[in-house]
Structure formats: structure tokens, C-alpha cells
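*Asks:* Input: one structure, supplied below.
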Amino acid sequence: DMEFCRALPFLASLCWLCSQGGDSKPAVVHVIPHSHCDAGYRKTFSGYYSSEVKSIISTVLEALKEAPNRRFVWEEVSFFSVWWEQASEGDRSLVKQLVGSGQLEFIGGGWVMHDEATTSAFGVLNQMSLGLKFLNESLGTRPRVEWHIDPFGHSIFMPELYGLLGYKAVVINRIPDHIKQEMKRSRTLEFFWYSPFSNQTIFTHVLDSHYGTPYILDFPTVEERATFFADHIKTRLEWYRTGNVLIPFGSDFSFQNAVDDFKKMDEIVEYITSHQDRFNLTIRYSTLGEYVDTVLSSGVTFDVRNGDFLPYISCYPCLASKCGGLWGLPEGIPCGPEALSDSYWSGFYTSKPAQKILVREQEASLKALEAMNAVFPYLARNVSVGLELGRNTSALLQHHDAITGTSFPDCYADYSKRLENALAAGSSSIALLKSAVLCGEDQPVTLHPDSVSVLSGLNDTNSAAVVIQNPLETERYTYVEIAL
């Protein structure tokens with residue numbers, strides 16, 4: 001029995017080769033190196049940057065410089081902007097060189113990987129604008145592919161937003177498990193996603209087995225690792241139509257020692273490449289852009305889908321592919337239709353309500369400030385600090401572990417403090433702009449943002465003016481409550 005078990009990988013390879021035909025063109029394996037860096041979760045944003053992200057970016061650049069065949073994709077602009085501000089001119093030049101050569105690709109382009117269920121259109125557009133502006137001004141680059149592999153479900157706003165932005169494709173992951181399994185069976189994990197609101201369509205790839213590296217490094221020899229990897233790939237190939245397969249290489253905060261990480265995968269890539277007669281696979285490092293270009297030029301016809309993928313349903317958190325998928329059924333985990341009723345990821349729609357309210361209040365403050373800044377741009381110097389803080393804070397809170405309320409207590413407290421500071425700065429900036437508009441920049445009159453404390457201190461001998469602003473672009477009628 002043990003001998004038979006040892007022979008299973010060989011038999012799987014043999015069966016796959018037979019099904020492809022003896023002289024078939026080798027399938028192409030696109031290994032996509034990445035590191036998923038949450039903008040806050042167990043640690044705060046600043047804590048993650050100093051302890052992990054800084055070394056990830058620095059060592060990835062070192063590894064890419066060593067070998068021109070290596071690739072890397074980066075998503076979170078918020079973290080990269082901090083690194084960029086601290087980087088030497090030499091490191092900045094290296095980044096530009098790697099982007100120009102195609103070894104380093106920025107994907108997504110947003111400040112964070114935003115949540116799709118609890119965010120507002122204003123919040124999402126602000127965080128996208130902030131990230132795209134930074135990439136354009138600092139590197140002269142613009143992403144072509146969106147990489148949204150960790151938010152808890154996916155909205156119909158995706159094809160609408162990224163279609164209008166001119167993106168070529170989106171990659172998603174957390175969709176209801178029973179839908180993903182059906183997509184595997186019908187080979188429809190790749191499709192054109194249609195939005196009925198403006199007739200936008202965009203090519204969409206659903207990750208078949210989450211976004212982590214397959215479990216290949218537990219084997220003692222390169223040959224065993226390569227053999228297992230090849231068998232794993234051939235199983236995945238059955239779920240796609242083009243003879244190309246996307247294999248993520250990385251996970252949460254991976255590549256903190258990128259040189260060593262790449263060397264381990266280099267060994268597997270080189271072994272499979274040097275044994276073409278055995279594996280019949282072409283394997284290479286790719287960026288998402290390279291993968292999408294290859295698939296879309298394959299001549300294969302893809303289905304069209306509409307609708308969203310909410311709520312997210314997973315019978316086992318983060319391991320949806322294990323539910324009757326590639327790895328088989330985990331022991332003790334009930335999967336199937338009977339388990340779906342209590343597998344909905346929908347609690348975050350309402351959890352941490354106080355923070356969700358703060359996010360909306362801060363967005364309203366920022367929108368009002370943006371409106372006044374647009375009408376009176378000559379006064380921008382008076383509110384530049386408050387405006388920048390407001391934009392950055394709102395963008396950070398769109399992160400899929402921020403506004404959702406799924407972060408750990410220390411991180412939650414950090415988010416709340418940032419929101420309170422941004423709200424205070426926004427209110428002060430709005431009051432300053434109103435004062436300058438009504439009274440002139442040189443007038444000593446000051447409008448207080450905290451109207452309650454000012455009005456409650458009035459007596460019969462003094463008075464105060466209340467200035468009300470409509471930050472919307474349309475006329476409206478509403479009640480205004482003034483507490484005395």
C-alpha cells in the first residue's frame with residue numbers, strides 16, 4: 001500500500017500527459033510572486049510597516065536586481081508611499097528601472113485593498129485617486145490589472161469602476177464556495193464580468209485555491225518538491241480553458257527575506273524546466289499583466305456573467321478550496337449544502353458600528369472640505385494639512401480589515417484615533433475657509449467648528465452667527481438643528 005501511495009504522483013502525471021496527447025504543446029505555468037500586506041489587522045499600519053513591510057520591499061528589490069527573469073507585483077500604495085519617502089535616490093532609481101523593465105508591476109493602484117460591502121462610492125474613489133496620483137507623479141506608471149484577493153465578497157461595482165478606469169482585468173478570490181466549486185467543474189473561473197449600469201465589461205479571473213503558495217516546501221528534496229508542484233499544477237489546469245494557469249507565490253507579509261524565498265522557488269522552476277520530457281510544462285515567473293495578455297491573446301472564448309458575489313460564503317475560513325476541492329475534505333469540517341446556512345460572512349456588515357459611523361462622518365467632513373477647496377482654490381494653502389490628513393485617513397479606513405471592524409483591538413483603537421484627528425482637522429479647516437470667504441483672509445474674525453460650546457455660552461447681551469454650508473453640488477432642503 002505504501003508503494004502504491006508513493007507511485008500516485010507519477011500515475012497522476014502519466015494520466016495527465018496521456019490526456020494531453022503525446023505531442024501536445026506544454027501548458028504554461030505563470031508563477032506570480034506577491035506579498036499581501038494588510039494596512040492594519042493584528043498590528044497597526046505603522047507597526048506592520050516598521051516590523052515587516054519595510055524589509056519586504058527592500059529585499060524584493062535586491063532579489064529582482066539579482067536575476068532579470070524574476071518578477072514581483074505590489075498592491076498597497078499606502079505602504080509603498082511610506083517606503084518611497086524614506087528611500088535613497090539610488091533605491092528610487094532602482095524601482096523606476098525595475099518598473100520600466102517589467103520586473104516590478106504595480107497592480108490595483110489604490111491606497112489600500114478596499115472592502116466592497118460596507119464602503120461608500122466616495123470613499124472608494126478617494127482611495128483610488130490617492131493611490132493612482134502617487135504612482136503617476138512618483139513613477140509615471142498606471143496599473144492595468146486589479147488584484148482584489150482578500151475582501152469578503154465582491155460587488156457589481158468592480159466591473160463598473162475598473163471598466164471605467166480602463167483596466168484590462170480584475171483578479172478576485174473570496175466568492176461563495178459553492179459558486180467557486182461549480183466554476184471549477186464548468187471551467188468558468190475566467191469570464192467577462194458585466195455591469196448593467198453603464199454596460200461595462202472586464203475580464204475577471206477567480207483564484208481557484210486562495211492566494212497562498214501551494215504547500216511545496218515541506219518535501220526534503222528539490223525533485224520531490226518539483227514533482228508535487230507539477231502534479232498540483234496539472235490538477236488546476238483542468239479548471240481552465242487556455243492551457244495557462246496562474247499560481248500565486250506568496251501570502252500574508254511574505255518575502256521578508258526575498259532573496260532566500262526566490263532561491264527556493266528558483267530551484268523548482270529550474271528542475272521542471274530541465275525535465276520537460278517528464279513534466280511537459282513551461283514554467284516561468286510572470287506579472288499579472290503578462291498573464292492577462294497571454295490569456296486574452298489565446299483565442300479562447302469566455303462566458304459573460306453579471307451580478308455580484310455577496311455575501312461571501314465559505315464553509316471553512318480562508319480554506320474554501322478544501323471543501324471538496326483540490327485537497328479533499330478536511331477531517332471534522334462539514335462541507336456541502338447543509339453547512340452553507342451558517343457559513344455566511346455577513347457579521348461585518350454591522351460590527352463595530354461606532355467606527356462605521358465615524359468613517360461616514362469623516363467622509364462627510366472631507367467631502368465638504370473638498371467642495372469648498374474646489375470653489376475657492378486660491379485659499380488651498382490655508383487648509384492643505386487638514387485636506388491631506390482627511391484624504392489619507394479616509395483612504396486608509398476603506399481597507400478590508402478597517403471599516404469592516406475585523407481588526408484586532410490595538411489596531412481598532414489606532415483607526416479610531418486617526419478618524420478623530422482627521423475629523424477635528426477637517427472641521428477646523430472648513431471653519432477657516434468659511435471665515436476667509438465671508439470676512440477676507442486678513443480679517444480677525446474666527447468661526448468656531450464646535451458650535452455647541454459657543455452657542456451654549458451665550459447670554460442676553462451677546463450674539464453669534466451660524467454659518468451653514470451645503471457641500472453637495474445640488475440644491476437641497478433640509479432641517480438644521482442648533483443645540484443651545
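Every chain in the C-alpha cells has a letter given in the order shown (A, B, ...), and although residue numbers restart at 1 in each chain, ligands are simply numbered from 1 in the order shown.
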Tell me, which residues of stretch 18-262 of chain A carry DSSP helix (DSSP H, G or I), written as number ranges by chain?

*Replies:* A: 18-20, 45-66, 77-86, 89-101, 121-139, 157-164, 177-186, 222-237, 258-262

*Asks:* Enumerate as an MDAnalysis selection string all residues of stretch 127-369 of chain A assigned to strand (DSSP E) by DSSP on the backbone, naming them with the chain letters and numbers the document uses.

*Replies:* chainID A and resid 145:148 169:172 190:195 200:206 244:249 281:285 303:306 312:313 344:345

*Asks:* What is the atom CA of A:Asn244 to atom CA of A:Thr294 distance in Å?

*Replies:* 8.0 Å

*Asks:* Could you check how far atom CA of A:Gly123 sits from atom CA of A:Ser416, in Å to one decimal?

*Replies:*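 Value for the atom CA of A:Gly123-atom CA of A:Ser416 distance: 16.4 Å.
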
*Asks:* Find the residues near A:Met158: any atom within 12 Å, counting only C-alpha atoms, skip ones fewer than 2 places away on the same chain, and give them as a PyMOL selection string.

*Replies:* chain A and resi 108+114-117+121+124-125+145-148+151+153-156+160-165+167+169-172+192-197+200-204+306-309

*Asks:* For the residues in the current selection, export N, CA and C atoms as a compact mmCIF listing (two decimals), in the first residue's frame.

*Replies:*
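Written out: selection_5.txt:
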# COMPACT_ATOMS: atom_id res chain seq x y z
N GLY A 108 -3.62 47.02 -9.04
CA GLY A 108 -4.65 47.65 -8.21
C GLY A 108 -4.56 49.16 -8.28
N HIS A 114 -9.54 47.79 -0.79
CA HIS A 114 -10.73 48.24 -0.07
C HIS A 114 -11.78 47.14 0.06
N ASP A 115 -12.59 47.28 1.09
CA ASP A 115 -13.76 46.41 1.27
C ASP A 115 -14.80 46.78 0.22
N GLU A 116 -15.63 45.81 -0.15
CA GLU A 116 -16.62 46.05 -1.20
C GLU A 116 -18.06 46.04 -0.70
N ALA A 117 -18.27 45.72 0.56
CA ALA A 117 -19.63 45.60 1.08
C ALA A 117 -20.07 46.79 1.93
N ALA A 121 -19.17 54.88 -2.31
CA ALA A 121 -18.52 55.21 -3.58
C ALA A 121 -17.50 56.33 -3.39
N VAL A 124 -14.29 54.92 -1.75
CA VAL A 124 -13.51 54.09 -2.67
C VAL A 124 -12.82 54.96 -3.71
N LEU A 125 -13.54 55.94 -4.27
CA LEU A 125 -12.95 56.79 -5.29
C LEU A 125 -11.82 57.64 -4.73
N VAL A 145 -4.20 46.02 -14.11
CA VAL A 145 -4.93 44.89 -13.55
C VAL A 145 -5.22 45.15 -12.07
N GLU A 146 -6.45 44.88 -11.65
CA GLU A 146 -6.82 45.00 -10.24
C GLU A 146 -6.67 43.63 -9.57
N TRP A 147 -6.10 43.64 -8.37
CA TRP A 147 -5.82 42.42 -7.59
C TRP A 147 -6.57 42.54 -6.28
N HIS A 148 -7.76 41.93 -6.20
CA HIS A 148 -8.64 42.10 -5.04
C HIS A 148 -8.91 40.74 -4.43
N PRO A 151 -10.82 40.87 0.14
CA PRO A 151 -12.11 41.36 0.64
C PRO A 151 -13.14 40.24 0.71
N GLY A 153 -16.09 39.00 -0.17
CA GLY A 153 -17.14 39.08 -1.18
C GLY A 153 -16.85 40.20 -2.16
N HIS A 154 -17.50 40.12 -3.33
CA HIS A 154 -17.19 41.08 -4.39
C HIS A 154 -18.47 41.67 -4.97
N SER A 155 -18.42 42.99 -5.19
CA SER A 155 -19.58 43.77 -5.58
C SER A 155 -19.62 44.01 -7.09
N ILE A 156 -20.82 44.26 -7.61
CA ILE A 156 -21.00 44.61 -9.03
C ILE A 156 -20.35 45.96 -9.34
N GLU A 160 -17.85 47.93 -12.93
CA GLU A 160 -18.21 49.32 -13.23
C GLU A 160 -17.01 50.24 -13.04
N LEU A 161 -16.40 50.16 -11.86
CA LEU A 161 -15.28 51.05 -11.51
C LEU A 161 -14.07 50.81 -12.41
N TYR A 162 -13.61 49.57 -12.48
CA TYR A 162 -12.36 49.31 -13.19
C TYR A 162 -12.54 49.30 -14.70
N GLY A 163 -13.76 49.04 -15.15
CA GLY A 163 -14.04 49.22 -16.57
C GLY A 163 -13.93 50.67 -16.97
N LEU A 164 -14.55 51.56 -16.18
CA LEU A 164 -14.50 52.99 -16.46
C LEU A 164 -13.08 53.55 -16.34
N LEU A 165 -12.28 52.97 -15.46
CA LEU A 165 -10.89 53.40 -15.30
C LEU A 165 -9.97 52.87 -16.40
N TYR A 167 -9.09 49.64 -16.92
CA TYR A 167 -8.29 48.47 -16.56
C TYR A 167 -8.58 47.32 -17.52
N ALA A 169 -8.21 43.94 -16.59
CA ALA A 169 -8.71 42.74 -15.90
C ALA A 169 -8.77 42.98 -14.40
N VAL A 170 -9.54 42.14 -13.72
CA VAL A 170 -9.54 42.09 -12.26
C VAL A 170 -9.34 40.64 -11.83
N VAL A 171 -8.66 40.47 -10.71
CA VAL A 171 -8.48 39.15 -10.11
C VAL A 171 -9.15 39.18 -8.75
N ILE A 172 -10.08 38.24 -8.51
CA ILE A 172 -10.81 38.18 -7.25
C ILE A 172 -10.63 36.79 -6.63
N PHE A 192 -15.95 37.22 -18.53
CA PHE A 192 -16.12 38.67 -18.64
C PHE A 192 -17.26 39.06 -17.72
N TRP A 193 -16.96 39.99 -16.80
CA TRP A 193 -17.92 40.43 -15.79
C TRP A 193 -18.62 41.67 -16.31
N TYR A 194 -19.94 41.62 -16.36
CA TYR A 194 -20.74 42.67 -16.98
C TYR A 194 -21.47 43.49 -15.93
N SER A 195 -21.40 44.81 -16.07
CA SER A 195 -22.17 45.71 -15.21
C SER A 195 -23.28 46.34 -16.03
N PRO A 196 -24.54 46.18 -15.62
CA PRO A 196 -25.65 46.72 -16.40
C PRO A 196 -25.80 48.23 -16.29
N PHE A 197 -25.11 48.85 -15.36
CA PHE A 197 -25.32 50.28 -15.12
C PHE A 197 -24.76 51.15 -16.24
N GLN A 200 -20.44 48.23 -18.84
CA GLN A 200 -19.01 47.93 -18.75
C GLN A 200 -18.81 46.42 -18.61
N THR A 201 -17.78 45.92 -19.25
CA THR A 201 -17.36 44.53 -19.04
C THR A 201 -15.86 44.51 -18.80
N ILE A 202 -15.42 43.57 -17.99
CA ILE A 202 -13.98 43.46 -17.74
C ILE A 202 -13.62 41.99 -17.52
N PHE A 203 -12.49 41.59 -18.06
CA PHE A 203 -12.04 40.21 -17.90
C PHE A 203 -11.74 39.95 -16.42
N THR A 204 -12.23 38.82 -15.93
CA THR A 204 -12.13 38.51 -14.50
C THR A 204 -11.57 37.11 -14.30
N ASN A 306 -23.07 38.43 -14.95
CA ASN A 306 -23.40 39.68 -14.27
C ASN A 306 -23.76 39.35 -12.82
N GLY A 307 -24.10 40.38 -12.07
CA GLY A 307 -24.40 40.16 -10.66
C GLY A 307 -23.16 40.25 -9.80
N ASP A 308 -23.37 40.15 -8.49
CA ASP A 308 -22.25 40.25 -7.56
C ASP A 308 -21.98 38.91 -6.89
N PHE A 309 -21.02 38.92 -5.96
CA PHE A 309 -20.66 37.72 -5.20
C PHE A 309 -20.73 38.04 -3.71

*Asks:* Mind pulling up the distance from atom CA of A:Val82 to atom CA of A:Ser138?

*Replies:*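 Computing the Euclidean distance for atom CA of A:Ser138 and atom CA of A:Val82 yields 12.3 Å.
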
*Asks:* Could you list, as a short mmCIF file (atom, residue, chain, number, x, y, z; two decimals) with C-alpha atoms, in the first residue's frame, every residue within 7 Å of stretch 396-405 of chain A, counting only C-alpha atoms and ignoring same-chain residues fewer than 2 positions away?

*Replies:*
data_model
loop_
_atom_site.label_atom_id
_atom_site.label_comp_id
_atom_site.auth_asym_id
_atom_site.auth_seq_id
_atom_site.Cartn_x
_atom_site.Cartn_y
_atom_site.Cartn_z
CA ALA A 39 -2.98 48.03 6.04
CA GLY A 40 -3.74 47.05 9.63
CA TYR A 41 -5.09 43.84 11.18
CA TRP A 111 -4.19 53.32 -1.38
CA VAL A 112 -5.45 50.04 0.16
CA MET A 113 -7.30 46.89 -0.90
CA HIS A 114 -10.73 48.24 -0.07
CA ASP A 115 -13.76 46.41 1.27
CA THR A 118 -19.54 48.44 3.63
CA THR A 119 -17.66 51.21 1.81
CA GLY A 123 -14.58 56.58 -0.01
CA VAL A 124 -13.51 54.09 -2.67
CA PRO A 151 -12.11 41.36 0.64
CA PHE A 348 -19.02 42.58 9.47
CA TYR A 349 -21.84 44.47 7.74
CA SER A 351 -19.99 45.05 13.55
CA LYS A 352 -18.12 47.93 15.23
CA LYS A 356 -18.54 52.78 10.89
CA ASN A 392 -5.22 59.83 3.80
CA THR A 393 -7.38 58.83 6.77
CA SER A 394 -10.47 58.19 4.69
CA SER A 407 -9.07 44.14 13.02
#

*Asks:* Do a neighbour search on stretch 280-284 of chain A at 8 Å with only C-alpha atoms, toss out local chain neighbours closer than 2 positions, and write the hits as JSON, numbers by chain.

*Replies:* {"A": [17, 25, 26, 27, 28, 29, 30, 31, 69, 230, 269, 272, 273, 275, 276, 277, 278, 286]}

*Asks:* For A:Glu223, work out the shell of residues within 9 Å, counting only C-alpha atoms and skipping chain neighbours fewer than 3 positions away, then give it as a PyMOL selection string.

*Replies:* chain A and resi 219-220+226-228+268+271-272

*Asks:* I'd like the neighbourhood of A:Phe191 as a ChimeraX atom specification, where a residue qualifies if any of its atoms comes within 8 Å (using only C-alpha atoms), though same-chain residues fewer than 6 positions away should be ignored.

*Replies:* /A:203-205,302-305
